[in-house]
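With PDB, C-alpha atoms and all ligand atoms inside, this is entry02.pdb:
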ATOM      1  CA  MET A   1       5.887 -15.921  15.264
ATOM      2  CA  SER A   2       9.425 -16.209  13.920
ATOM      3  CA  PRO A   3      10.017 -14.389  10.602
ATOM      4  CA  LYS A   4      10.743 -16.617   7.594
ATOM      5  CA  VAL A   5      11.717 -16.035   3.974
ATOM      6  CA  TRP A   6      10.791 -18.109   0.906
ATOM      7  CA  ILE A   7      13.333 -17.755  -1.891
ATOM      8  CA  ASP A   8      12.796 -19.645  -5.127
ATOM      9  CA  GLY A   9      11.233 -22.638  -3.414
ATOM     10  CA  LYS A  10      13.184 -22.807  -0.133
ATOM     11  CA  ILE A  11      12.108 -21.417   3.250
ATOM     12  CA  THR A  12      14.918 -19.978   5.366
ATOM     13  CA  ASP A  13      15.559 -17.767   8.372
ATOM     14  CA  PRO A  14      15.928 -14.062   7.449
ATOM     15  CA  ARG A  15      19.692 -14.056   8.153
ATOM     16  CA  ASP A  16      20.203 -16.815   5.544
ATOM     17  CA  ALA A  17      17.994 -15.148   2.926
ATOM     18  CA  LYS A  18      20.365 -13.695   0.344
ATOM     19  CA  VAL A  19      20.004 -12.201  -3.122
ATOM     20  CA  CYS A  20      22.784 -11.767  -5.658
ATOM     21  CA  VAL A  21      24.270  -8.279  -6.197
ATOM     22  CA  TYR A  22      23.716  -8.812  -9.953
ATOM     23  CA  ASP A  23      19.948  -9.042  -9.432
ATOM     24  CA  HIS A  24      18.383  -6.267 -11.525
ATOM     25  CA  GLY A  25      15.918  -5.598  -8.729
ATOM     26  CA  PHE A  26      18.922  -4.457  -6.682
ATOM     27  CA  LEU A  27      20.806  -2.804  -9.563
ATOM     28  CA  TYR A  28      17.901  -0.941 -11.209
ATOM     29  CA  GLY A  29      14.760  -1.335  -9.108
ATOM     30  CA  ASP A  30      13.618  -3.608 -11.944
ATOM     31  CA  GLY A  31      10.807  -5.614 -10.386
ATOM     32  CA  ILE A  32       7.510  -5.453  -8.590
ATOM     33  CA  PHE A  33       6.140  -6.239  -5.158
ATOM     34  CA  GLU A  34       3.092  -6.563  -2.938
ATOM     35  CA  GLY A  35       2.519  -5.884   0.753
ATOM     36  CA  ILE A  36      -0.136  -8.184   2.173
ATOM     37  CA  ARG A  37      -1.633  -8.694   5.644
ATOM     38  CA  VAL A  38      -2.193 -11.942   7.496
ATOM     39  CA  TYR A  39      -5.136 -11.789   9.902
ATOM     40  CA  GLY A  40      -6.012 -14.780  12.082
ATOM     41  CA  GLY A  41      -3.618 -16.960  10.065
ATOM     42  CA  LYS A  42      -5.384 -16.130   6.762
ATOM     43  CA  ILE A  43      -4.070 -14.078   3.861
ATOM     44  CA  PHE A  44      -6.269 -10.962   3.594
ATOM     45  CA  GLU A  45      -7.606 -10.083   0.099
ATOM     46  CA  CYS A  46      -5.279 -12.638  -1.518
ATOM     47  CA  LYS A  47      -6.980 -12.534  -4.926
ATOM     48  CA  ALA A  48      -6.876  -8.721  -5.140
ATOM     49  CA  HIS A  49      -3.141  -8.773  -4.392
ATOM     50  CA  MET A  50      -2.501 -11.554  -6.923
ATOM     51  CA  ASP A  51      -4.456  -9.668  -9.593
ATOM     52  CA  ARG A  52      -2.436  -6.496  -8.960
ATOM     53  CA  LEU A  53       0.889  -8.397  -8.842
ATOM     54  CA  PHE A  54       0.264 -10.108 -12.180
ATOM     55  CA  GLU A  55      -0.966  -6.840 -13.739
ATOM     56  CA  SER A  56       2.163  -5.009 -12.519
ATOM     57  CA  ALA A  57       4.246  -7.836 -14.023
ATOM     58  CA  ARG A  58       2.464  -7.545 -17.367
ATOM     59  CA  ALA A  59       2.958  -3.796 -17.402
ATOM     60  CA  ILE A  60       6.752  -4.144 -17.047
ATOM     61  CA  ARG A  61       6.866  -7.236 -19.317
ATOM     62  CA  LEU A  62       8.071  -9.559 -16.610
ATOM     63  CA  VAL A  63       6.862 -13.149 -16.754
ATOM     64  CA  ILE A  64       6.402 -14.521 -13.229
ATOM     65  CA  PRO A  65       7.647 -18.128 -13.305
ATOM     66  CA  LEU A  66       4.743 -19.287 -11.096
ATOM     67  CA  THR A  67       0.961 -19.306 -11.416
ATOM     68  CA  PRO A  68      -1.085 -17.153  -8.996
ATOM     69  CA  GLU A  69      -2.058 -20.407  -7.217
ATOM     70  CA  GLN A  70       1.616 -21.366  -6.796
ATOM     71  CA  VAL A  71       2.434 -17.896  -5.434
ATOM     72  CA  CYS A  72      -0.442 -18.224  -2.932
ATOM     73  CA  LYS A  73       0.800 -21.684  -1.902
ATOM     74  CA  ALA A  74       4.327 -20.283  -1.350
ATOM     75  CA  MET A  75       2.860 -17.522   0.849
ATOM     76  CA  GLU A  76       0.712 -19.995   2.812
ATOM     77  CA  ASP A  77       3.681 -22.330   3.371
ATOM     78  CA  THR A  78       5.818 -19.429   4.606
ATOM     79  CA  VAL A  79       3.037 -18.145   6.895
ATOM     80  CA  LYS A  80       2.809 -21.653   8.363
ATOM     81  CA  ALA A  81       6.594 -22.009   8.744
ATOM     82  CA  ALA A  82       6.705 -18.617  10.522
ATOM     83  CA  ASP A  83       3.830 -19.652  12.805
ATOM     84  CA  CYS A  84       2.215 -16.351  11.866
ATOM     85  CA  ARG A  85      -1.328 -15.494  13.030
ATOM     86  CA  ASP A  86      -1.199 -11.747  12.507
ATOM     87  CA  GLY A  87       1.596 -10.394  10.370
ATOM     88  CA  TYR A  88       2.744  -8.957   7.103
ATOM     89  CA  ILE A  89       3.897 -10.548   3.853
ATOM     90  CA  ARG A  90       6.284  -8.795   1.508
ATOM     91  CA  LEU A  91       6.173 -10.502  -1.865
ATOM     92  CA  ILE A  92       8.855  -9.479  -4.342
ATOM     93  CA  VAL A  93       9.411 -10.501  -7.953
ATOM     94  CA  SER A  94      12.540  -9.019  -9.485
ATOM     95  CA  ARG A  95      13.926  -9.354 -13.008
ATOM     96  CA  GLY A  96      16.630 -11.656 -11.598
ATOM     97  CA  ASN A  97      20.375 -11.922 -12.160
ATOM     98  CA  GLY A  98      21.870 -10.484 -15.328
ATOM     99  CA  PRO A  99      24.851  -8.605 -16.748
ATOM    100  CA  LEU A 100      25.642  -5.095 -15.483
ATOM    101  CA  GLY A 101      23.852  -3.242 -18.311
ATOM    102  CA  ILE A 102      20.288  -2.038 -17.883
ATOM    103  CA  SER A 103      18.758  -4.380 -20.483
ATOM    104  CA  PRO A 104      16.691  -7.162 -18.965
ATOM    105  CA  ALA A 105      17.121  -9.258 -22.142
ATOM    106  CA  LYS A 106      19.885 -11.429 -20.638
ATOM    107  CA  CYS A 107      18.461 -11.771 -17.144
ATOM    108  CA  GLU A 108      18.337 -15.465 -16.340
ATOM    109  CA  LYS A 109      15.006 -15.780 -14.573
ATOM    110  CA  PRO A 110      12.908 -13.647 -12.228
ATOM    111  CA  SER A 111      13.632 -14.048  -8.508
ATOM    112  CA  VAL A 112      10.546 -14.681  -6.372
ATOM    113  CA  ILE A 113      10.818 -13.852  -2.683
ATOM    114  CA  CYS A 114       8.233 -13.960   0.079
ATOM    115  CA  ILE A 115       9.054 -12.476   3.491
ATOM    116  CA  VAL A 116       6.721 -13.144   6.431
ATOM    117  CA  ASP A 117       7.335 -10.751   9.306
ATOM    118  CA  THR A 118       5.528  -7.970  11.176
ATOM    119  CA  ILE A 119       5.213  -4.304  10.261
ATOM    120  CA  THR A 120       4.381  -1.139  12.177
ATOM    121  CA  MET A 121       3.750   1.844  10.004
ATOM    122  CA  TYR A 122       2.739   4.611  12.437
ATOM    123  CA  PRO A 123       2.780   4.973  16.261
ATOM    124  CA  ALA A 124      -0.245   3.256  17.887
ATOM    125  CA  GLU A 125      -1.488   6.446  19.610
ATOM    126  CA  MET A 126      -1.990   8.159  16.225
ATOM    127  CA  TYR A 127      -4.794   5.697  15.421
ATOM    128  CA  GLU A 128      -6.666   7.295  18.355
ATOM    129  CA  SER A 129      -5.544  10.907  18.230
ATOM    130  CA  GLY A 130      -4.860  11.321  14.505
ATOM    131  CA  MET A 131      -1.761  12.158  12.532
ATOM    132  CA  ALA A 132      -0.236  15.380  11.189
ATOM    133  CA  VAL A 133       0.917  15.354   7.555
ATOM    134  CA  ILE A 134       2.344  17.801   5.032
ATOM    135  CA  THR A 135       1.855  18.183   1.302
ATOM    136  CA  SER A 136       5.161  17.384  -0.343
ATOM    137  CA  SER A 137       7.067  19.461  -2.894
ATOM    138  CA  VAL A 138       7.944  16.134  -4.567
ATOM    139  CA  ILE A 139       5.479  15.511  -7.409
ATOM    140  CA  ARG A 140       4.169  11.942  -7.809
ATOM    141  CA  ASN A 141       5.570  10.128 -10.861
ATOM    142  CA  HIS A 142       3.682  11.033 -14.027
ATOM    143  CA  ALA A 143       1.600   8.090 -15.212
ATOM    144  CA  ASN A 144       3.404   8.096 -18.548
ATOM    145  CA  ALA A 145       6.844   8.095 -16.881
ATOM    146  CA  LEU A 146       6.331   5.289 -14.374
ATOM    147  CA  SER A 147       2.679   4.614 -13.711
ATOM    148  CA  PRO A 148       1.767   4.703 -10.007
ATOM    149  CA  ARG A 149      -0.600   1.824 -10.889
ATOM    150  CA  ILE A 150       2.479  -0.410 -11.150
ATOM    151  CA  LYS A 151       3.657  -1.470  -7.703
ATOM    152  CA  SER A 152       7.261  -1.371  -8.821
ATOM    153  CA  LEU A 153      10.474  -1.750  -6.829
ATOM    154  CA  ASN A 154      11.320   1.828  -7.801
ATOM    155  CA  TYR A 155      10.050   3.789  -4.782
ATOM    156  CA  LEU A 156      12.547   6.645  -4.921
ATOM    157  CA  ASN A 157       9.783   9.124  -5.803
ATOM    158  CA  ASN A 158       7.959   8.180  -2.605
ATOM    159  CA  VAL A 159      11.160   7.932  -0.538
ATOM    160  CA  LEU A 160      12.025  11.561  -1.401
ATOM    161  CA  ALA A 161       8.597  12.716  -0.219
ATOM    162  CA  LYS A 162       8.996  10.637   2.956
ATOM    163  CA  ILE A 163      12.344  12.315   3.666
ATOM    164  CA  GLU A 164      10.617  15.698   3.323
ATOM    165  CA  ALA A 165       7.956  14.561   5.829
ATOM    166  CA  ASN A 166      10.638  13.326   8.243
ATOM    167  CA  ASP A 167      12.457  16.678   7.964
ATOM    168  CA  ALA A 168       9.185  18.475   8.733
ATOM    169  CA  GLY A 169       8.716  16.302  11.839
ATOM    170  CA  VAL A 170       5.590  14.468  10.609
ATOM    171  CA  PRO A 171       5.222  10.790   9.696
ATOM    172  CA  GLU A 172       3.689  11.171   6.245
ATOM    173  CA  ALA A 173       3.468  13.369   3.145
ATOM    174  CA  ILE A 174       0.665  13.888   0.658
ATOM    175  CA  MET A 175       1.940  13.869  -2.919
ATOM    176  CA  LEU A 176       0.326  16.002  -5.627
ATOM    177  CA  ASN A 177       0.393  14.968  -9.274
ATOM    178  CA  SER A 178       1.935  16.947 -12.130
ATOM    179  CA  ALA A 179      -1.373  18.825 -12.613
ATOM    180  CA  GLY A 180      -1.162  19.966  -8.980
ATOM    181  CA  ASN A 181      -4.051  17.788  -7.814
ATOM    182  CA  VAL A 182      -3.993  15.366  -4.910
ATOM    183  CA  ALA A 183      -2.630  11.897  -5.711
ATOM    184  CA  GLU A 184      -1.754   9.842  -2.634
ATOM    185  CA  CYS A 185       0.695   9.501   0.240
ATOM    186  CA  THR A 186       4.070   7.781   0.103
ATOM    187  CA  ALA A 187       2.564   4.350   0.861
ATOM    188  CA  ASP A 188      -1.135   5.041   1.487
ATOM    189  CA  ASN A 189      -4.204   6.280  -0.346
ATOM    190  CA  ILE A 190      -6.004   9.360   0.916
ATOM    191  CA  PHE A 191      -9.680  10.042   1.613
ATOM    192  CA  ILE A 192     -11.554  13.120   2.825
ATOM    193  CA  VAL A 193     -15.090  13.606   4.132
ATOM    194  CA  ARG A 194     -17.067  16.692   3.063
ATOM    195  CA  THR A 195     -20.606  17.727   3.828
ATOM    196  CA  VAL A 196     -22.504  17.901   0.548
ATOM    197  CA  GLY A 197     -25.915  19.479   1.094
ATOM    198  CA  THR A 198     -26.659  18.097   4.531
ATOM    199  CA  MET A 199     -25.040  14.695   4.115
ATOM    200  CA  PRO A 200     -21.431  13.571   4.532
ATOM    201  CA  GLU A 201     -19.699  12.393   1.379
ATOM    202  CA  VAL A 202     -16.524  10.323   1.334
ATOM    203  CA  GLN A 203     -14.187  11.409  -1.475
ATOM    204  CA  THR A 204     -10.943   9.965  -2.814
ATOM    205  CA  PRO A 205      -8.795  10.720  -5.883
ATOM    206  CA  ALA A 206      -9.558   8.637  -8.974
ATOM    207  CA  THR A 207      -7.192   6.204 -10.682
ATOM    208  CA  SER A 208      -6.693   8.827 -13.411
ATOM    209  CA  ASP A 209      -5.215  11.194 -10.793
ATOM    210  CA  GLY A 210      -2.111   8.958 -10.712
ATOM    211  CA  ILE A 211      -2.428   6.639  -7.744
ATOM    212  CA  LEU A 212      -1.771   3.068  -6.791
ATOM    213  CA  GLU A 213      -5.156   1.358  -6.771
ATOM    214  CA  GLY A 214      -4.899   0.298  -3.144
ATOM    215  CA  VAL A 215      -6.465  -2.923  -1.959
ATOM    216  CA  THR A 216      -7.386  -1.261   1.355
ATOM    217  CA  ARG A 217      -8.818   1.691  -0.598
ATOM    218  CA  ARG A 218     -11.154  -0.731  -2.409
ATOM    219  CA  VAL A 219     -12.112  -2.484   0.853
ATOM    220  CA  VAL A 220     -12.965   0.887   2.469
ATOM    221  CA  MET A 221     -14.933   2.013  -0.598
ATOM    222  CA  ASP A 222     -16.948  -1.228  -0.396
ATOM    223  CA  ILE A 223     -17.553  -0.675   3.338
ATOM    224  CA  CYS A 224     -18.865   2.857   2.545
ATOM    225  CA  LYS A 225     -21.348   1.321   0.107
ATOM    226  CA  SER A 226     -22.415  -1.388   2.513
ATOM    227  CA  VAL A 227     -23.153   1.088   5.335
ATOM    228  CA  GLY A 228     -24.976   3.470   2.987
ATOM    229  CA  LEU A 229     -22.366   6.260   2.949
ATOM    230  CA  SER A 230     -22.131   8.340  -0.168
ATOM    231  CA  MET A 231     -18.709   7.721  -1.774
ATOM    232  CA  VAL A 232     -17.122   9.251  -4.880
ATOM    233  CA  GLU A 233     -13.827   9.022  -6.721
ATOM    234  CA  LYS A 234     -13.001  12.522  -7.938
ATOM    235  CA  THR A 235     -10.148  14.897  -8.600
ATOM    236  CA  LEU A 236      -9.260  16.761  -5.407
ATOM    237  CA  GLN A 237      -7.256  19.937  -5.084
ATOM    238  CA  ARG A 238      -5.125  20.825  -2.079
ATOM    239  CA  HIS A 239      -7.877  23.351  -1.304
ATOM    240  CA  ASP A 240     -10.300  20.422  -0.831
ATOM    241  CA  LEU A 241      -7.979  18.999   1.815
ATOM    242  CA  TYR A 242      -7.840  22.332   3.628
ATOM    243  CA  ILE A 243     -11.645  22.644   3.805
ATOM    244  CA  ALA A 244     -12.382  18.953   4.520
ATOM    245  CA  ASP A 245     -14.374  17.934   7.615
ATOM    246  CA  GLU A 246     -12.332  14.748   8.007
ATOM    247  CA  CYS A 247      -9.371  13.033   6.414
ATOM    248  CA  PHE A 248      -7.912   9.539   6.678
ATOM    249  CA  LEU A 249      -5.387   7.298   4.960
ATOM    250  CA  THR A 250      -5.635   3.655   3.929
ATOM    251  CA  GLY A 251      -2.960   1.070   3.244
ATOM    252  CA  THR A 252      -2.121  -2.546   3.905
ATOM    253  CA  ALA A 253       0.519  -1.690   6.495
ATOM    254  CA  ALA A 254      -1.220   1.474   7.789
ATOM    255  CA  GLU A 255      -4.751  -0.011   7.735
ATOM    256  CA  VAL A 256      -7.064   3.022   8.308
ATOM    257  CA  ILE A 257      -5.595   6.021  10.157
ATOM    258  CA  PRO A 258      -7.099   9.473  10.845
ATOM    259  CA  VAL A 259      -5.335  12.627   9.664
ATOM    260  CA  THR A 260      -6.039  15.618  11.897
ATOM    261  CA  LYS A 261      -3.566  18.217  10.631
ATOM    262  CA  ILE A 262      -2.447  19.086   7.090
ATOM    263  CA  ASP A 263       0.316  21.667   6.536
ATOM    264  CA  GLY A 264      -0.198  22.916  10.089
ATOM    265  CA  ARG A 265      -3.973  23.406   9.599
ATOM    266  CA  PRO A 266      -6.385  21.395  11.742
ATOM    267  CA  VAL A 267      -8.691  19.137   9.719
ATOM    268  CA  GLY A 268     -12.322  19.820  10.769
ATOM    269  CA  THR A 269     -12.393  19.957  14.565
ATOM    270  CA  GLY A 270      -8.769  18.823  14.772
ATOM    271  CA  LYS A 271      -9.918  15.433  16.149
ATOM    272  CA  PRO A 272     -10.692  12.188  14.287
ATOM    273  CA  GLY A 273     -14.227  12.631  12.922
ATOM    274  CA  PRO A 274     -17.296  10.385  13.289
ATOM    275  CA  ILE A 275     -17.194   8.952   9.741
ATOM    276  CA  THR A 276     -13.500   8.097  10.078
ATOM    277  CA  ARG A 277     -14.192   6.383  13.400
ATOM    278  CA  GLU A 278     -17.120   4.468  11.928
ATOM    279  CA  LEU A 279     -14.999   3.276   9.003
ATOM    280  CA  ILE A 280     -12.115   2.275  11.296
ATOM    281  CA  SER A 281     -14.449   0.100  13.401
ATOM    282  CA  ALA A 282     -16.085  -1.417  10.307
ATOM    283  CA  PHE A 283     -12.623  -2.189   8.908
ATOM    284  CA  LYS A 284     -11.532  -3.804  12.198
ATOM    285  CA  LYS A 285     -14.726  -5.881  12.231
ATOM    286  CA  LYS A 286     -14.092  -7.067   8.679
ATOM    287  CA  ILE A 287     -10.496  -8.141   9.324
ATOM    288  CA  ARG A 288     -11.589  -9.973  12.487
ATOM    289  CA  GLU A 289     -14.350 -11.784  10.646
ATOM    290  CA  GLU A 290     -12.152 -12.683   7.681
ATOM    291  CA  GLY A 291      -9.427 -13.955  10.008
ATOM    292  CA  ASP A 292     -10.647 -16.604  12.381
ATOM    293  CA  GLY A 293     -13.400 -14.506  13.988
ATOM    294  CA  ARG A 294     -11.472 -13.843  17.199
TER     295      ARG A 294
HETATM  296  N1  LIG B 301      -0.135   4.040  -2.494
HETATM  297  C1  LIG B 301       1.142   3.632  -2.456
HETATM  298  C2  LIG B 301       2.172   4.431  -3.178
HETATM  299  C3  LIG B 301       1.498   2.476  -1.744
HETATM  300  O1  LIG B 301       2.764   2.058  -1.702
HETATM  301  C4  LIG B 301       0.497   1.757  -1.047
HETATM  302  C5  LIG B 301       0.870   0.549  -0.227
HETATM  303  N2  LIG B 301       0.889  -0.597  -0.997
HETATM  304  C6  LIG B 301      -0.836   2.222  -1.113
HETATM  305  C7  LIG B 301      -1.107   3.364  -1.849
HETATM  306  C8  LIG B 301      -1.941   1.478  -0.441
HETATM  307  O2  LIG B 301      -2.230   0.287  -1.150
HETATM  308  P1  LIG B 301      -2.733  -1.027  -0.396
HETATM  309  O3  LIG B 301      -3.990  -0.663   0.305
HETATM  310  O4  LIG B 301      -2.942  -2.007  -1.490
HETATM  311  O5  LIG B 301      -1.661  -1.422   0.537
END
Conversion result in C-alpha cells:
Amino acid sequence: MSPKVWIDGKITDPRDAKVCVYDHGFLYGDGIFEGIRVYGGKIFECKAHMDRLFESARAIRLVIPLTPEQVCKAMEDTVKAADCRDGYIRLIVSRGNGPLGISPAKCEKPSVICIVDTITMYPAEMYESGMAVITSSVIRNHANALSPRIKSLNYLNNVLAKIEANDAGVPEAIMLNSAGNVAECTADNIFIVRTVGTMPEVQTPATSDGILEGVTRRVVMDICKSVGLSMVEKTLQRHDLYIADECFLTGTAAEVIPVTKIDGRPVGTGKPGPITRELISAFKKKIREEGDGR
C-alpha cells in the first residue's frame, strides 16, 4: 500500500497534494468530511457514508459537484492506485477557494479530496485489555449551534476535549451535552451494557442527545438485533456510566473498543465484559465477510 490522494479528478502522491490557503475549509472549517474503512479491497458501508456526506452537505448548503456514484468511483480509483487492501479513506468536501471574508457566496467551487492511507486510533493492546477514559468538562456543541449530526470540518469542540483527555493521561474523553447527559466521545459513539431484570441490555444515547449518527454505531446496533441482544437508544446520565456492567466505543477508525475505566472508576469487573467481547468478534466477522472473506 502506498498512500494516494485524489484532488478534483487527479490522483497524486501525498507530498504533491496541495490545497490553496484561500480555501474556506482551511480559513473557516467550512466543509464536511467522512472517514471510511477499506476491508479486503472493498469500501465498507459505502452507501451509509455517501448518505451522511450528502446530508451533511445539504445541512450546510454546500452543493457537491459530483453525484454519489462519481464520489464512489473516485474513492475506488484511489484505493486501486494506492494498492490498498485494508486501509482508511478520508473524504473531504470544502467550500473551496474564495475571498478572505467569511461569506461563502463568492467561493468558486467546492474542493473534493479523497485521501487513501492507514489509520491507528488507539494502541493495539487496549482492544484486549480495555481503555481508560474521562468525562470532559468541554460540553458537546449544542445541536442548534452546530449540529453534531453534521460531520463538519469544524472539530475544535472535539479537539478541546481530546486535549483534556491527553492532559489526564488517557486516550479518550466522553463529552456530555448541554443538558448534562452523555453524548459521545471525541470521534466515537459510546455504548454501555446494563443488566435489566436478569438480562443484559445494550444502551446508547439517542440522536436527540446530540451525537453524530455513527455508521459503526448502526452496524453494531444491527449486530445486537441479529444475535438477539436487547438494544435501546436512550438518554444516559454520567451516573449510568458509573454503574454500567460494560462499556465500549464504536467508530470507523476505532472499530469497537472496550472501555474499562471511567473517571478513575473501574467499569464492571474492570475487564472487557462478555457482551463487548461477543460484539467485537461479531464485528470482526462482518468486516472479514464483507471484505474478500479472508
Ligand atoms: N462521533 C464523532 C464525533 C465522530 O467524529 C465519529 C467518527 N466519524 C463517530 C462518532 C463515529 O462515527 P462512525 O462510526 O461513522 O465513524
Please list as a list in words every residue within 10 Å of Tyr122 (chain A), counting only C-alpha atoms and excluding residues in the same chain fewer than 3 positions away.
Ile119, Glu125, Met126, Tyr127, Met131, Pro171, Glu172, Ala253, Ala254, Glu255 and Ile257 of chain A
Distance query Asp245 (chain A) at most 7 Å, only C-alpha atoms, self and fewer than 2 positions along chain excluded, as number ranges by chain:
A: 193-194, 243, 267-268
List the spatial neighbours of Ser56 (chain A) as a list in words - criterion: any atom at most 9 Å away, all atoms listed in the file, same-chain residues fewer than 2 positions off excluded.
Gly31, Ile32, Phe33, Asp51, Arg52, Leu53, Phe54, Arg58, Ala59, Ile60, Arg61, Leu62, Arg149, Ile150, Lys151 and Ser152 of chain A
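In terms of minimum interatomic distance to Ile134 (chain A), A:Lys162 ranks closest within A:Lys4, A:Arg95, A:Lys162, A:Arg15, counting all atoms listed in the file.
Between ligand LIG 301 (chain B) and the candidates A:Tyr242, A:Phe191, A:Phe283, A:Tyr155, the tightest atom-to-atom separation, counting only C-alpha atoms and all ligand atoms, involves A:Tyr155.
Computed from the coordinates, the CA of Ile64 (chain A) to CA of Ser94 (chain A) distance equals 9.1 Å.
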Residues within 12 Å of (1.4, -22.5, 8.8), file coordinates, counting all atoms listed in the file: what are they? Give the list as a list in words.
Met1, Ser2, Pro3, Lys4, Val38, Gly40, Gly41, Lys42, Ile43, Lys73, Ala74, Met75, Glu76, Asp77, Thr78, Val79, Lys80, Ala81, Ala82, Asp83, Cys84, Arg85, Asp86 and Val116 of chain A
Residues within 10 Å of (-15.0, 9.9, -8.3), counting all atoms listed in the file, listed as an NGL selection string:
:A and (202-208 or 231-236)
I want to know what sits within 10 Å of Ala48 (chain A), based on all atoms listed in the file, with residues of the same chain fewer than 5 positions away left out; could you give that as a VMD selection string?
chain A and resid 36 53 214 to 216 218
Using CA of Glu34 (chain A) and CA of Asn97 (chain A) as the two end points, give the distance in Å to one decimal.
20.3 Å
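CA of Ala282 (chain A) sits 24.0 Å away from CA of Ile211 (chain A).
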Just want the residues within 6 Å of ligand LIG 301 (chain B), written as number ranges by chain, counting only C-alpha atoms and all ligand atoms.
A: 35, 186-189, 212, 214-217, 250-252
Given the file shown, enumerate the residues that the PyMOL selection byres (((chain A and resi 227) around 12) and not hetatm) captures and present them as a compact mmCIF listing (two decimals) with C-alpha atoms, in the frame of the given file.
# COMPACT_ATOMS: atom_id res chain seq x y z
CA VAL A 220 -12.96 0.89 2.47
CA MET A 221 -14.93 2.01 -0.60
CA ASP A 222 -16.95 -1.23 -0.40
CA ILE A 223 -17.55 -0.68 3.34
CA CYS A 224 -18.86 2.86 2.54
CA LYS A 225 -21.35 1.32 0.11
CA SER A 226 -22.42 -1.39 2.51
CA GLY A 228 -24.98 3.47 2.99
CA LEU A 229 -22.37 6.26 2.95
CA SER A 230 -22.13 8.34 -0.17
CA MET A 231 -18.71 7.72 -1.77
CA ILE A 275 -17.19 8.95 9.74
CA GLU A 278 -17.12 4.47 11.93
CA LEU A 279 -15.00 3.28 9.00
CA SER A 281 -14.45 0.10 13.40
CA ALA A 282 -16.08 -1.42 10.31
CA PHE A 283 -12.62 -2.19 8.91
Missing atoms in region 215-233 of chain A: fill them in up to N, CA and C atoms and send the result as a PDB file, keeping the file's coordinate frame.
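The file below, out30.pdb, is the result:
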ATOM      1  N   VAL A 215      -5.531  -1.863  -2.346  1.00  0.00           N
ATOM      2  CA  VAL A 215      -6.465  -2.923  -1.959  1.00  0.00           C
ATOM      3  C   VAL A 215      -7.301  -2.451  -0.767  1.00  0.00           C
ATOM      4  N   THR A 216      -6.654  -1.777   0.186  1.00  0.00           N
ATOM      5  CA  THR A 216      -7.386  -1.261   1.355  1.00  0.00           C
ATOM      6  C   THR A 216      -8.359  -0.168   0.921  1.00  0.00           C
ATOM      7  N   ARG A 217      -7.937   0.646  -0.035  1.00  0.00           N
ATOM      8  CA  ARG A 217      -8.818   1.691  -0.598  1.00  0.00           C
ATOM      9  C   ARG A 217     -10.110   1.046  -1.096  1.00  0.00           C
ATOM     10  N   ARG A 218      -9.977  -0.043  -1.855  1.00  0.00           N
ATOM     11  CA  ARG A 218     -11.154  -0.731  -2.409  1.00  0.00           C
ATOM     12  C   ARG A 218     -12.016  -1.299  -1.279  1.00  0.00           C
ATOM     13  N   VAL A 219     -11.368  -1.907  -0.282  1.00  0.00           N
ATOM     14  CA  VAL A 219     -12.112  -2.484   0.853  1.00  0.00           C
ATOM     15  C   VAL A 219     -12.917  -1.386   1.551  1.00  0.00           C
ATOM     16  N   VAL A 220     -12.282  -0.214   1.771  1.00  0.00           N
ATOM     17  CA  VAL A 220     -12.965   0.887   2.469  1.00  0.00           C
ATOM     18  C   VAL A 220     -14.092   1.457   1.602  1.00  0.00           C
ATOM     19  N   MET A 221     -13.866   1.538   0.295  1.00  0.00           N
ATOM     20  CA  MET A 221     -14.933   2.013  -0.598  1.00  0.00           C
ATOM     21  C   MET A 221     -16.139   1.065  -0.538  1.00  0.00           C
ATOM     22  N   ASP A 222     -15.851  -0.239  -0.481  1.00  0.00           N
ATOM     23  CA  ASP A 222     -16.948  -1.228  -0.396  1.00  0.00           C
ATOM     24  C   ASP A 222     -17.680  -1.108   0.945  1.00  0.00           C
ATOM     25  N   ILE A 223     -16.908  -0.850   2.020  1.00  0.00           N
ATOM     26  CA  ILE A 223     -17.553  -0.675   3.338  1.00  0.00           C
ATOM     27  C   ILE A 223     -18.492   0.541   3.277  1.00  0.00           C
ATOM     28  N   CYS A 224     -18.013   1.654   2.654  1.00  0.00           N
ATOM     29  CA  CYS A 224     -18.865   2.857   2.545  1.00  0.00           C
ATOM     30  C   CYS A 224     -20.199   2.479   1.904  1.00  0.00           C
ATOM     31  N   LYS A 225     -20.107   1.715   0.800  1.00  0.00           N
ATOM     32  CA  LYS A 225     -21.348   1.321   0.107  1.00  0.00           C
ATOM     33  C   LYS A 225     -22.225   0.496   1.024  1.00  0.00           C
ATOM     34  N   SER A 226     -21.602  -0.463   1.726  1.00  0.00           N
ATOM     35  CA  SER A 226     -22.415  -1.388   2.513  1.00  0.00           C
ATOM     36  C   SER A 226     -23.072  -0.709   3.725  1.00  0.00           C
ATOM     37  N   VAL A 227     -22.497   0.400   4.207  1.00  0.00           N
ATOM     38  CA  VAL A 227     -23.153   1.088   5.335  1.00  0.00           C
ATOM     39  C   VAL A 227     -23.973   2.298   4.863  1.00  0.00           C
ATOM     40  N   GLY A 228     -24.102   2.426   3.535  1.00  0.00           N
ATOM     41  CA  GLY A 228     -24.976   3.470   2.987  1.00  0.00           C
ATOM     42  C   GLY A 228     -24.367   4.868   2.975  1.00  0.00           C
ATOM     43  N   LEU A 229     -23.021   4.937   3.018  1.00  0.00           N
ATOM     44  CA  LEU A 229     -22.366   6.260   2.949  1.00  0.00           C
ATOM     45  C   LEU A 229     -22.140   6.634   1.490  1.00  0.00           C
ATOM     46  N   SER A 230     -22.385   7.884   1.191  1.00  0.00           N
ATOM     47  CA  SER A 230     -22.131   8.340  -0.168  1.00  0.00           C
ATOM     48  C   SER A 230     -20.605   8.394  -0.386  1.00  0.00           C
ATOM     49  N   MET A 231     -20.156   7.876  -1.534  1.00  0.00           N
ATOM     50  CA  MET A 231     -18.709   7.721  -1.774  1.00  0.00           C
ATOM     51  C   MET A 231     -18.409   8.045  -3.236  1.00  0.00           C
ATOM     52  N   VAL A 232     -17.473   8.946  -3.485  1.00  0.00           N
ATOM     53  CA  VAL A 232     -17.122   9.251  -4.880  1.00  0.00           C
ATOM     54  C   VAL A 232     -15.613   9.274  -5.083  1.00  0.00           C
ATOM     55  N   GLU A 233     -15.214   8.851  -6.287  1.00  0.00           N
ATOM     56  CA  GLU A 233     -13.827   9.022  -6.721  1.00  0.00           C
ATOM     57  C   GLU A 233     -13.820  10.286  -7.567  1.00  0.00           C
TER      58      GLU A 233
END
